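Peer 1: Next up, start_29.txt (compact mmCIF, C-alpha atoms and all ligand atoms).
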# COMPACT_ATOMS: atom_id res chain seq x y z
CA MET R 1 14.97 -9.74 -18.43
CA ILE R 2 14.51 -10.23 -14.68
CA PRO R 3 12.03 -7.54 -13.56
CA TYR R 4 12.18 -6.03 -10.08
CA SER R 5 8.74 -7.52 -9.49
CA ARG R 6 6.03 -9.40 -11.35
CA GLN R 7 2.62 -10.97 -10.84
CA SER R 8 2.05 -14.74 -10.54
CA ILE R 9 -0.85 -15.81 -12.73
CA ASN R 10 -1.76 -19.48 -13.15
CA LEU R 11 -4.36 -21.49 -15.06
CA PHE R 12 -6.89 -21.29 -12.18
CA ASP R 13 -6.74 -17.49 -12.37
CA VAL R 14 -7.31 -17.63 -16.14
CA LEU R 15 -10.23 -20.06 -15.73
CA SER R 16 -11.84 -18.02 -12.95
CA VAL R 17 -11.69 -14.85 -15.01
CA SER R 18 -12.90 -16.60 -18.19
CA LYS R 19 -15.82 -18.20 -16.34
CA GLN R 20 -16.84 -14.87 -14.89
CA LEU R 21 -16.55 -13.18 -18.26
CA ALA R 22 -18.43 -15.84 -20.19
CA PHE R 23 -21.25 -16.76 -17.82
CA LYS R 24 -21.65 -14.30 -14.99
CA SER R 25 -22.13 -10.64 -14.14
CA LEU R 26 -19.47 -8.10 -15.06
CA THR R 27 -20.10 -5.51 -12.40
CA GLN R 28 -21.95 -4.95 -9.12
CA GLY R 29 -22.68 -8.62 -8.45
CA SER R 30 -21.96 -11.36 -5.96
CA LYS R 31 -18.29 -11.93 -6.89
CA ILE R 32 -17.35 -8.58 -5.36
CA GLU R 33 -19.19 -9.56 -2.18
CA GLU R 34 -17.42 -12.92 -2.12
CA PHE R 35 -14.03 -11.23 -2.58
CA GLU R 36 -14.81 -8.69 0.14
CA ALA R 37 -15.95 -11.40 2.56
CA LYS R 38 -12.84 -13.49 1.90
CA VAL R 39 -10.42 -10.59 2.38
CA ALA R 40 -12.26 -9.55 5.58
CA GLU R 41 -12.04 -13.11 6.88
CA TYR R 42 -8.36 -13.44 5.93
CA VAL R 43 -7.30 -10.27 7.75
CA GLY R 44 -9.78 -10.65 10.62
CA ALA R 45 -11.82 -7.48 10.02
CA GLN R 46 -15.60 -7.20 10.14
CA TYR R 47 -16.07 -5.36 6.86
CA ALA R 48 -14.26 -4.94 3.55
CA VAL R 49 -15.07 -2.63 0.64
CA ALA R 50 -13.52 -3.36 -2.76
CA VAL R 51 -12.45 -0.32 -4.76
CA SER R 52 -10.84 0.38 -8.13
CA SER R 53 -7.37 1.04 -6.63
CA ALA R 54 -5.66 1.69 -3.32
CA THR R 55 -5.45 5.32 -4.39
CA ALA R 56 -9.27 5.40 -4.59
CA GLY R 57 -9.39 3.53 -1.27
CA LEU R 58 -7.14 6.06 0.48
CA HIS R 59 -9.19 8.91 -0.95
CA LEU R 60 -12.45 7.42 0.35
CA ALA R 61 -10.92 6.51 3.70
CA VAL R 62 -9.74 10.08 4.32
CA LEU R 63 -13.13 11.45 3.23
CA ALA R 64 -14.98 8.99 5.45
CA LEU R 65 -13.10 10.29 8.50
CA GLU R 66 -14.93 13.62 8.07
CA LEU R 67 -12.03 15.62 9.50
CA PRO R 68 -12.46 19.33 10.13
CA ALA R 69 -11.56 21.46 7.08
CA LYS R 70 -7.83 21.97 6.52
CA SER R 71 -6.75 19.38 9.07
CA GLU R 72 -3.13 18.24 9.00
CA VAL R 73 -2.55 14.54 8.38
CA ILE R 74 0.80 12.89 9.10
CA THR R 75 2.27 10.48 6.58
CA SER R 76 5.60 9.13 5.40
CA PRO R 77 7.78 10.88 2.82
CA ILE R 78 9.15 7.51 1.66
CA SER R 79 6.08 6.22 -0.11
CA PHE R 80 4.32 6.32 -3.42
CA VAL R 81 2.67 9.70 -4.03
CA ALA R 82 -0.80 8.14 -3.57
CA SER R 83 -0.34 8.10 0.24
CA SER R 84 -0.23 11.88 0.52
CA ASN R 85 -2.28 12.69 -2.60
CA ALA R 86 -5.27 11.22 -0.75
CA ILE R 87 -4.81 13.96 1.84
CA LEU R 88 -4.64 16.67 -0.83
CA TYR R 89 -7.74 15.32 -2.66
CA SER R 90 -9.70 15.97 0.52
CA SER R 91 -8.26 19.51 0.84
CA HIS R 92 -6.31 18.62 3.96
CA GLN R 93 -2.62 19.27 4.53
CA PRO R 94 -0.04 16.45 4.48
CA LYS R 95 2.59 16.61 7.23
CA PHE R 96 5.63 14.56 6.30
CA ILE R 97 7.48 13.09 9.27
CA ASP R 98 10.91 11.51 8.86
CA VAL R 99 11.45 7.75 8.73
CA GLU R 100 13.49 5.55 11.08
CA ARG R 101 16.74 4.24 9.71
CA GLU R 102 16.16 0.58 10.64
CA THR R 103 12.72 0.13 9.10
CA ILE R 104 12.17 3.11 6.74
CA ASN R 105 8.76 3.34 8.39
CA ILE R 106 7.67 6.65 9.85
CA ASP R 107 9.55 7.53 13.07
CA LEU R 108 7.02 7.23 15.86
CA ASN R 109 9.04 9.29 18.34
CA LEU R 110 8.94 12.17 15.86
CA VAL R 111 5.23 11.54 15.28
CA ASN R 112 4.69 11.81 19.04
CA GLN R 113 6.59 15.09 19.20
CA GLU R 114 4.59 16.52 16.29
CA VAL R 115 1.27 15.53 17.80
CA GLU R 116 2.27 17.05 21.16
CA SER R 117 3.16 20.38 19.57
CA ASN R 118 0.64 20.64 16.74
CA LYS R 119 -3.03 20.63 17.64
CA ASN R 120 -4.07 20.63 13.99
CA ILE R 121 -2.94 17.02 13.46
CA ARG R 122 -6.16 15.04 13.21
CA ALA R 123 -5.10 11.84 11.48
CA ILE R 124 -2.12 9.68 10.58
CA ILE R 125 -1.59 7.54 7.49
CA PRO R 126 1.27 5.20 8.40
CA VAL R 127 2.73 3.34 5.42
CA HIS R 128 3.86 -0.25 6.01
CA PHE R 129 6.91 0.22 3.82
CA ALA R 130 7.91 -2.76 1.68
CA GLY R 131 5.34 -4.82 3.60
CA LEU R 132 6.82 -4.36 7.09
CA PRO R 133 4.16 -3.17 9.56
CA CYS R 134 4.78 0.00 11.55
CA ASP R 135 4.66 -0.31 15.33
CA MET R 136 0.89 0.12 15.44
CA GLU R 137 0.61 -0.53 19.17
CA LYS R 138 2.66 2.59 19.80
CA LEU R 139 0.62 4.58 17.27
CA ALA R 140 -2.62 3.37 18.80
CA ARG R 141 -1.68 5.03 22.09
CA LEU R 142 -1.88 8.37 20.30
CA ARG R 143 -5.25 7.35 18.92
CA ALA R 144 -6.48 6.63 22.43
CA SER R 145 -4.95 9.67 24.16
CA LYS R 146 -5.44 12.35 21.49
CA GLY R 147 -8.39 11.07 19.50
CA ILE R 148 -6.27 10.95 16.36
CA LYS R 149 -7.68 8.84 13.53
CA ILE R 150 -5.52 6.26 11.77
CA VAL R 151 -5.78 4.92 8.23
CA GLU R 152 -3.14 2.29 7.49
CA ASP R 153 -1.66 2.47 4.01
CA ALA R 154 -1.12 -1.27 3.65
CA ALA R 155 -0.74 -1.18 -0.14
CA HIS R 156 2.42 -3.27 0.39
CA ALA R 157 1.27 -5.33 3.32
CA LEU R 158 -1.51 -7.80 2.53
CA GLY R 159 -0.36 -10.98 4.28
CA ALA R 160 1.83 -9.17 6.86
CA SER R 161 1.26 -9.58 10.61
CA TYR R 162 1.60 -7.46 13.73
CA PRO R 163 3.83 -8.76 16.56
CA ASN R 164 0.71 -10.11 18.37
CA GLY R 165 0.07 -12.44 15.43
CA LYS R 166 -2.98 -10.63 14.06
CA LYS R 167 -3.00 -9.74 10.42
CA VAL R 168 -2.51 -6.24 9.01
CA GLY R 169 -6.01 -5.22 7.98
CA SER R 170 -7.66 -6.47 11.17
CA CYS R 171 -7.88 -2.76 12.10
CA GLU R 172 -7.08 -3.53 15.71
CA TYR R 173 -5.17 -0.24 15.87
CA SER R 174 -6.83 1.87 13.21
CA GLU R 175 -10.10 3.13 11.76
CA MET R 176 -9.40 1.64 8.33
CA THR R 177 -6.72 -0.21 6.38
CA VAL R 178 -6.21 0.10 2.63
CA PHE R 179 -4.69 -2.58 0.37
CA SER R 180 -3.59 -2.47 -3.28
CA PHE R 181 -3.98 -5.19 -5.89
CA HIS R 182 -1.76 -3.59 -8.52
CA PRO R 183 0.25 -6.33 -10.32
CA VAL R 184 3.41 -6.01 -8.22
CA LYS R 185 1.52 -6.32 -4.91
CA SER R 186 0.89 -9.42 -2.72
CA ILE R 187 -2.04 -10.44 -4.94
CA THR R 188 -3.41 -8.76 -8.04
CA THR R 189 -6.67 -7.87 -9.74
CA GLY R 190 -4.90 -5.86 -12.47
CA GLU R 191 -5.83 -2.61 -10.78
CA GLY R 192 -7.77 -2.70 -7.55
CA GLY R 193 -7.86 -2.11 -3.84
CA MET R 194 -9.71 -2.94 -0.63
CA ILE R 195 -10.56 -1.00 2.50
CA THR R 196 -11.14 -2.95 5.71
CA THR R 197 -12.77 -1.63 8.88
CA ASN R 198 -14.57 -2.77 12.02
CA SER R 199 -16.97 0.18 12.03
CA TYR R 200 -20.41 -0.37 10.53
CA ASP R 201 -20.88 3.38 10.06
CA LEU R 202 -17.61 3.73 8.15
CA TYR R 203 -18.50 0.63 6.12
CA LYS R 204 -21.80 2.15 5.06
CA LYS R 205 -20.20 5.47 4.26
CA LEU R 206 -17.49 3.80 2.17
CA LEU R 207 -20.11 1.82 0.22
CA ARG R 208 -21.96 5.06 -0.54
CA LEU R 209 -18.86 7.04 -1.50
CA ARG R 210 -17.64 4.21 -3.77
CA SER R 211 -20.83 4.47 -5.80
CA HIS R 212 -21.66 8.15 -6.42
CA GLY R 213 -22.89 8.83 -2.88
CA ILE R 214 -26.06 6.86 -3.57
CA ASN R 215 -27.91 5.29 -0.64
CA LYS R 216 -26.77 1.80 0.38
CA LEU R 217 -27.84 -0.96 2.77
CA ASN R 218 -30.47 0.36 5.17
CA ASP R 219 -29.96 4.07 4.51
CA SER R 220 -33.35 5.69 4.94
CA PHE R 221 -34.50 8.00 2.14
CA GLU R 222 -34.24 11.70 2.82
CA SER R 223 -37.07 12.61 0.43
CA SER R 224 -40.40 11.02 1.30
CA LEU R 225 -42.01 13.00 -1.53
CA LEU R 226 -39.83 11.43 -4.24
CA SER R 227 -39.46 7.99 -2.71
CA THR R 228 -43.16 7.16 -2.31
CA THR R 229 -46.48 7.38 -4.14
CA SER R 230 -49.57 7.33 -1.94
CA GLY R 231 -47.59 5.66 0.82
CA LEU R 232 -46.08 3.00 -1.51
CA LEU R 233 -42.30 2.84 -2.01
CA ASN R 234 -41.30 3.78 -5.58
CA PRO R 235 -39.44 0.72 -6.89
CA TRP R 236 -37.18 2.76 -9.22
CA TYR R 237 -36.10 5.19 -6.59
CA TYR R 238 -32.54 5.70 -5.45
CA GLU R 239 -31.11 8.71 -3.81
CA MET R 240 -27.76 10.48 -4.06
CA GLN R 241 -27.16 11.65 -0.54
CA GLU R 242 -23.66 13.06 -0.82
CA LEU R 243 -21.01 13.64 -3.48
CA GLY R 244 -19.41 10.27 -4.22
CA PHE R 245 -17.44 8.64 -7.02
CA ASN R 246 -17.42 5.63 -9.27
CA TYR R 247 -14.56 3.76 -7.60
CA ARG R 248 -16.02 0.28 -8.13
CA LEU R 249 -14.05 -2.86 -8.91
CA THR R 250 -15.46 -5.08 -11.67
CA GLU R 251 -16.70 -8.64 -11.13
CA ILE R 252 -14.01 -9.84 -13.56
CA GLN R 253 -11.34 -8.31 -11.34
CA ALA R 254 -13.00 -9.76 -8.24
CA ALA R 255 -12.91 -13.23 -9.84
CA LEU R 256 -9.16 -12.85 -10.27
CA GLY R 257 -8.88 -11.54 -6.71
CA VAL R 258 -10.69 -14.53 -5.20
CA SER R 259 -8.52 -16.92 -7.16
CA GLN R 260 -5.31 -15.08 -6.21
CA LEU R 261 -6.28 -14.82 -2.54
CA SER R 262 -6.37 -18.60 -2.24
CA ARG R 263 -2.60 -18.58 -2.97
CA LEU R 264 -1.65 -15.53 -0.88
CA ASP R 265 -0.01 -17.53 1.92
CA SER R 266 2.05 -19.51 -0.54
CA PHE R 267 3.12 -16.29 -2.29
CA ILE R 268 4.27 -14.83 1.04
CA LYS R 269 6.12 -18.04 1.91
CA LYS R 270 7.98 -17.93 -1.39
CA ARG R 271 8.84 -14.27 -0.91
CA LYS R 272 10.16 -15.04 2.60
CA SER R 273 12.44 -17.84 1.42
CA ARG R 274 13.85 -15.64 -1.35
CA VAL R 275 14.48 -12.83 1.14
CA ALA R 276 16.27 -15.24 3.52
CA TRP R 277 18.51 -16.35 0.66
CA TYR R 278 19.33 -12.74 -0.33
CA LEU R 279 20.12 -11.86 3.29
CA ARG R 280 22.67 -14.70 3.50
CA LYS R 281 24.37 -13.72 0.24
CA LEU R 282 24.32 -9.98 0.81
CA SER R 283 26.06 -10.27 4.18
CA VAL R 284 29.40 -10.67 2.36
CA LEU R 285 28.91 -7.94 -0.26
CA PRO R 286 30.87 -4.76 0.55
CA SER R 287 29.05 -1.39 0.64
CA VAL R 288 25.62 -3.05 0.53
CA THR R 289 23.19 -3.30 3.46
CA PRO R 290 19.75 -4.84 3.32
CA VAL R 291 16.93 -2.69 4.65
CA GLN R 292 14.60 -4.02 7.39
CA SER R 293 16.66 -7.19 7.91
CA ASN R 294 16.05 -7.34 11.69
CA SER R 295 12.29 -7.47 11.70
CA SER R 296 11.50 -9.23 8.49
CA SER R 297 9.51 -12.16 9.94
CA LEU R 298 6.38 -9.97 10.12
CA SER R 299 6.67 -8.58 6.62
CA ALA R 300 4.72 -9.37 3.45
CA HIS R 301 7.98 -8.66 1.55
CA HIS R 302 6.41 -6.59 -1.18
CA ILE R 303 9.80 -5.43 -2.45
CA PHE R 304 13.44 -6.01 -1.51
CA PRO R 305 15.18 -2.66 -1.05
CA ILE R 306 18.88 -2.51 -0.21
CA ARG R 307 21.14 0.41 0.63
CA VAL R 308 24.28 0.86 -1.45
CA ASN R 309 26.92 3.16 -0.05
CA TYR R 310 27.78 4.81 -3.37
CA SER R 311 30.19 7.20 -1.67
CA GLN R 312 32.52 4.21 -1.10
CA LEU R 313 32.21 3.15 -4.74
CA ASP R 314 33.26 4.53 -8.06
CA ILE R 315 29.97 3.70 -9.71
CA PRO R 316 27.05 6.10 -9.35
CA ARG R 317 23.54 4.67 -8.99
CA ALA R 318 22.42 5.62 -12.49
CA ARG R 319 25.35 3.69 -14.01
CA LEU R 320 24.84 0.72 -11.69
CA MET R 321 21.16 0.51 -12.65
CA THR R 322 21.90 0.93 -16.36
CA SER R 323 24.67 -1.69 -16.25
CA LEU R 324 22.41 -4.13 -14.40
CA ARG R 325 19.74 -3.55 -17.05
CA GLU R 326 22.28 -4.27 -19.81
CA ARG R 327 22.92 -7.56 -18.01
CA GLY R 328 19.20 -8.39 -17.94
CA ILE R 329 18.26 -7.18 -14.46
CA THR R 330 15.73 -4.44 -13.76
CA THR R 331 16.06 -2.50 -10.51
CA GLN R 332 14.10 0.46 -9.18
CA VAL R 333 14.25 3.12 -6.46
CA HIS R 334 11.43 3.06 -3.91
CA TYR R 335 10.85 5.95 -3.47
CA ILE R 336 11.71 9.49 -4.47
CA PRO R 337 10.74 11.35 -1.26
CA ILE R 338 7.27 12.73 -1.96
CA PRO R 339 8.07 16.38 -1.03
CA LEU R 340 10.73 16.42 -3.78
CA HIS R 341 8.13 16.04 -6.55
CA PRO R 342 7.58 19.33 -8.39
CA HIS R 343 3.89 19.48 -7.46
CA TYR R 344 4.76 19.22 -3.76
CA GLN R 345 7.65 21.69 -4.16
CA LYS R 346 5.22 24.16 -5.72
CA LEU R 347 2.96 23.72 -2.70
CA GLY R 348 5.91 24.71 -0.49
CA PHE R 349 6.92 21.29 0.85
CA GLY R 350 10.60 20.61 1.50
CA VAL R 351 12.94 17.96 2.85
CA GLU R 352 14.88 20.02 5.41
CA LYS R 353 13.45 18.08 8.33
CA LEU R 354 13.75 14.70 6.63
CA PRO R 355 17.45 13.73 6.89
CA GLU R 356 16.82 9.96 7.22
CA ALA R 357 14.46 9.95 4.25
CA MET R 358 17.03 11.78 2.15
CA SER R 359 19.93 9.60 3.31
CA TYR R 360 17.87 6.51 2.44
CA TYR R 361 16.86 7.96 -0.93
CA HIS R 362 20.49 8.56 -1.90
CA GLU R 363 21.37 4.92 -1.22
CA ALA R 364 18.19 3.04 -2.11
CA LEU R 365 18.03 0.31 -4.71
CA THR R 366 15.26 -2.27 -5.07
CA ILE R 367 16.49 -5.57 -6.45
CA PRO R 368 14.20 -8.26 -7.95
CA LEU R 369 11.82 -10.11 -5.64
CA TYR R 370 8.66 -12.00 -6.55
CA PRO R 371 7.23 -15.46 -5.83
CA SER R 372 8.34 -17.09 -9.09
CA LEU R 373 11.89 -15.66 -8.98
CA ARG R 374 14.19 -18.66 -9.48
CA LYS R 375 17.32 -19.37 -7.47
CA SER R 376 19.39 -19.10 -10.67
CA GLN R 377 17.94 -15.63 -11.27
CA GLN R 378 18.66 -14.58 -7.68
CA SER R 379 22.23 -15.84 -8.11
CA LYS R 380 22.55 -13.81 -11.28
CA VAL R 381 21.41 -10.68 -9.42
CA ILE R 382 24.00 -11.19 -6.69
CA ILE R 383 26.80 -12.07 -9.11
CA GLU R 384 26.19 -9.10 -11.40
CA LEU R 385 25.77 -6.73 -8.47
CA SER R 386 28.93 -7.98 -6.87
CA ASN R 387 30.86 -7.79 -10.19
CA LEU R 388 29.80 -4.20 -10.77
CA ILE R 389 30.41 -3.10 -7.19
CA GLY R 390 33.66 -5.09 -6.95
CA ALA R 391 34.92 -3.69 -10.24
CA SER R 392 34.19 -0.19 -9.06
CA GLN R 393 36.06 -0.79 -5.79
CA GLU R 394 39.18 -2.00 -7.57
CA LYS R 395 39.51 1.29 -9.48
C1 LIG R 401 2.42 2.82 -0.42
C2 LIG R 401 1.44 2.89 -1.55
N1 LIG R 401 0.24 3.41 -1.31
C3 LIG R 401 -0.70 3.49 -2.27
C4 LIG R 401 -0.44 3.03 -3.55
C5 LIG R 401 -1.49 3.15 -4.61
O1 LIG R 401 -1.90 1.91 -5.03
P1 LIG R 401 -2.77 1.73 -6.36
O2 LIG R 401 -1.81 1.59 -7.49
O3 LIG R 401 -3.55 0.47 -6.13
O4 LIG R 401 -3.64 2.91 -6.49
C6 LIG R 401 0.79 2.46 -3.84
C7 LIG R 401 1.08 1.96 -5.19
O5 LIG R 401 2.12 1.51 -5.53
C8 LIG R 401 1.77 2.39 -2.82
O6 LIG R 401 2.97 1.87 -3.05
Starting from the file, lay out its structure as structure tokens.
Peer 2:
Amino acid sequence: MIPYSRQSINLFDVLSVSKQLAFKSLTQGSKIEEFEAKVAEYVGAQYAVAVSSATAGLHLAVLALELPAKSEVITSPISFVASSNAILYSSHQPKFIDVERETINIDLNLVNQEVESNKNIRAIIPVHFAGLPCDMEKLARLRASKGIKIVEDAAHALGASYPNGKKVGSCEYSEMTVFSFHPVKSITTGEGGMITTNSYDLYKKLLRLRSHGINKLNDSFESSLLSTTSGLLNPWYYEMQELGFNYRLTEIQAALGVSQLSRLDSFIKKRKSRVAWYLRKLSVLPSVTPVQSNSSSLSAHHIFPIRVNYSQLDIPRARLMTSLRERGITTQVHYIPIPLHPHYQKLGFGVEKLPEAMSYYHEALTIPLYPSLRKSQQSKVIIELSNLIGASQEK
């Protein structure tokens, strides 16, 4: 079976994890710090905080912004539910803004209009869909002129770059950036995530929130009565200063992360060459259009979504996907627009103002892409797709 995505694990990864497991600490040790320092250096940010998932990272990032109660936060409807769930966790209100047709990233002209007309918008979580960065320079103008905070959901985009050459995660245009290390992402730690920032205050707050809200770094103690005895510091003393969580990554996961990170650039290179090959082959397939084909040089190529114009074909998407599966190829749809999920429907969200998101959703199909995908497998994908689509056109 050719999956739509898969992790690349080699012997070095296995050895790094085994060494950590056999001889070193399992949690809260120096491997996490090494992983954080290496990710920060790679993306060009001052600080990085490892967390148990990008979902946890987004939750902490929104909390760390300390927005006024019931603020509205803009995000994309074409994303995994985690992007907007982070807003709900913090009792704020997601505001879904439609995507642009060319990139399936949030439409910044519509974002501008919303911010001009809605004073309750306090933050934006742009999603770098499929690994292609949003136009952050344009977004950053809103940050400067309206004081709006930005948290980049870069779950798909470790290894991607902005047009100025800097890496996503450098936080040149945002308060914080959040990455995911779930197995189908650029690199994996099994489950895991990382928040990067250039703000020391946010860094400290994120460290605290990741670990129960307990004091970190040079936080001074609030209680001098409990923290000292006759002027001497109590060596056992720690202090929970706010309500935090246990969102820590383990040292075993960090060992895998460090090992994987050393191959990130080669993973991205392999993804790029496979995308270039698909783009050449797909140009002759009827009723199929690649998504994001014009700006793909900046992308981390997390997934390879295409649009299939099913209205021109006799084969509905469910049958196409099932038939591809019968032929050994797994495909997926990224994503069901978030406001369509029953939980969001029950909260009163709808898709009336999201025509591009809905049009994309009706046509979307993610075909296999991952670093170890072989040319013969890519050929099989194109041949089977073209057979099924061709057969349906002949009817
Ligand atoms: C855009 C986006 N944001 C956030 C997440 C959450 O990532 P994690 O699985 O690490 O919690 C995902 C996961 O797929 C995602 O696709």
Peer 1: Could you check the closest approach to ligand LIG 401 (chain R) for each of R:His128, R:Arg274, R:Lys167, R:His341 and tell me which residue wins, using all atoms listed in the file?
Peer 2: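 For ligand LIG 401 (chain R), the nearest of the candidates is R:His128.
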Peer 1: Please identify all protein, DNA and RNA residues within 7 Å of ligand LIG 401 (chain R), counting only C-alpha atoms and all ligand atoms, and report them as a ChimeraX atom specification.
Peer 2: /R:53-56,79-80,82-83,127,129,153-156,180-182,191-193
Peer 1: Do you have the CA of Met136 in chain R-CA of Gly44 in chain R distance handy?
Peer 2: 15.9 Å
Peer 1: Can you pull out every residue within 6 Å of range 318-331 of chain R, counting all atoms listed in the file, but drop anything in the same chain fewer than 2 positions away, and send it as a list in words?
Peer 2: Met1, Ile2, Pro3, Tyr4, Pro316, Thr366 and Ile367 of chain R
Peer 1: Give me the residues near range 242-246 of chain R as number ranges by chain, where near means some atom within 8 Å (using only C-alpha atoms) and where sequence neighbours in that chain fewer than 2 positions away do not count.
Peer 2: R: 208-214, 240, 248
Peer 1: I'd like the contact shell of Ile306 in chain R - 8 Å cut-off, all atoms listed in the file, skipping same-chain residues fewer than 6 positions apart - returned as an mmCIF file with C-alpha atoms, in the frame of the given file.
Peer 2:
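For reference, around12.cif as written:
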data_model
loop_
_atom_site.group_PDB
_atom_site.id
_atom_site.type_symbol
_atom_site.label_atom_id
_atom_site.label_comp_id
_atom_site.auth_asym_id
_atom_site.auth_seq_id
_atom_site.Cartn_x
_atom_site.Cartn_y
_atom_site.Cartn_z
ATOM 1 C CA VAL R 288 25.620 -3.050 0.530
ATOM 2 C CA THR R 289 23.190 -3.300 3.460
ATOM 3 C CA PRO R 290 19.750 -4.840 3.320
ATOM 4 C CA VAL R 291 16.930 -2.690 4.650
ATOM 5 C CA GLU R 363 21.370 4.920 -1.220
ATOM 6 C CA ALA R 364 18.190 3.040 -2.110
ATOM 7 C CA LEU R 365 18.030 0.310 -4.710
ATOM 8 C CA THR R 366 15.260 -2.270 -5.070
ATOM 9 C CA ILE R 367 16.490 -5.570 -6.450
#
Peer 1: Which residues, written as a VMD selection string, have at least one atom at most 7 Å from range 87-104 of chain R, with all atoms listed in the file counted and residues fewer than 6 positions away on the same chain left out?
Peer 2: chain R and resid 59 62 to 63 69 to 77 110 to 111 129 291 to 292 354 356 to 357
Peer 1: Missing atoms in range 336-355 of chain R: can you complete it with N, CA and C atoms, as a short mmCIF file (atom, residue, chain, number, x, y, z; two decimals), in the coordinates of the input?
Peer 2:
data_model
loop_
_atom_site.label_atom_id
_atom_site.label_comp_id
_atom_site.auth_asym_id
_atom_site.auth_seq_id
_atom_site.Cartn_x
_atom_site.Cartn_y
_atom_site.Cartn_z
N ILE R 336 11.28 8.09 -4.50
CA ILE R 336 11.71 9.49 -4.47
C ILE R 336 10.89 10.12 -3.34
N PRO R 337 11.53 10.75 -2.35
CA PRO R 337 10.74 11.35 -1.26
C PRO R 337 9.63 12.25 -1.83
N ILE R 338 8.43 12.06 -1.35
CA ILE R 338 7.27 12.73 -1.96
C ILE R 338 7.44 14.26 -2.04
N PRO R 339 7.98 14.90 -0.95
CA PRO R 339 8.07 16.38 -1.03
C PRO R 339 9.02 16.87 -2.12
N LEU R 340 9.83 15.98 -2.71
CA LEU R 340 10.73 16.42 -3.78
C LEU R 340 10.01 16.56 -5.13
N HIS R 341 8.83 15.95 -5.26
CA HIS R 341 8.13 16.04 -6.55
C HIS R 341 7.73 17.48 -6.82
N PRO R 342 7.85 17.91 -8.08
CA PRO R 342 7.58 19.33 -8.39
C PRO R 342 6.24 19.83 -7.86
N HIS R 343 5.19 19.00 -7.94
CA HIS R 343 3.89 19.48 -7.46
C HIS R 343 3.97 19.84 -5.97
N TYR R 344 4.64 18.97 -5.20
CA TYR R 344 4.76 19.22 -3.76
C TYR R 344 5.69 20.41 -3.49
N GLN R 345 6.74 20.54 -4.31
CA GLN R 345 7.65 21.69 -4.16
C GLN R 345 6.87 22.99 -4.37
N LYS R 346 6.00 22.95 -5.42
CA LYS R 346 5.22 24.16 -5.72
C LYS R 346 4.27 24.50 -4.58
N LEU R 347 3.85 23.47 -3.84
CA LEU R 347 2.96 23.72 -2.70
C LEU R 347 3.75 24.17 -1.46
N GLY R 348 5.08 24.20 -1.60
CA GLY R 348 5.91 24.71 -0.49
C GLY R 348 6.50 23.62 0.40
N PHE R 349 6.34 22.35 0.02
CA PHE R 349 6.92 21.29 0.85
C PHE R 349 8.43 21.20 0.62
N GLY R 350 9.15 20.74 1.63
CA GLY R 350 10.60 20.61 1.50
C GLY R 350 11.08 19.39 2.27
N VAL R 351 12.39 19.16 2.22
CA VAL R 351 12.94 17.96 2.85
C VAL R 351 13.92 18.32 3.99
N GLU R 352 13.89 19.57 4.41
CA GLU R 352 14.88 20.02 5.41
C GLU R 352 14.80 19.20 6.69
N LYS R 353 13.58 18.81 7.06
CA LYS R 353 13.45 18.08 8.33
C LYS R 353 13.38 16.57 8.11
N LEU R 354 13.88 16.12 6.96
CA LEU R 354 13.75 14.70 6.63
C LEU R 354 15.12 14.07 6.30
N PRO R 355 16.10 14.22 7.24
CA PRO R 355 17.45 13.73 6.89
C PRO R 355 17.51 12.22 6.65
#
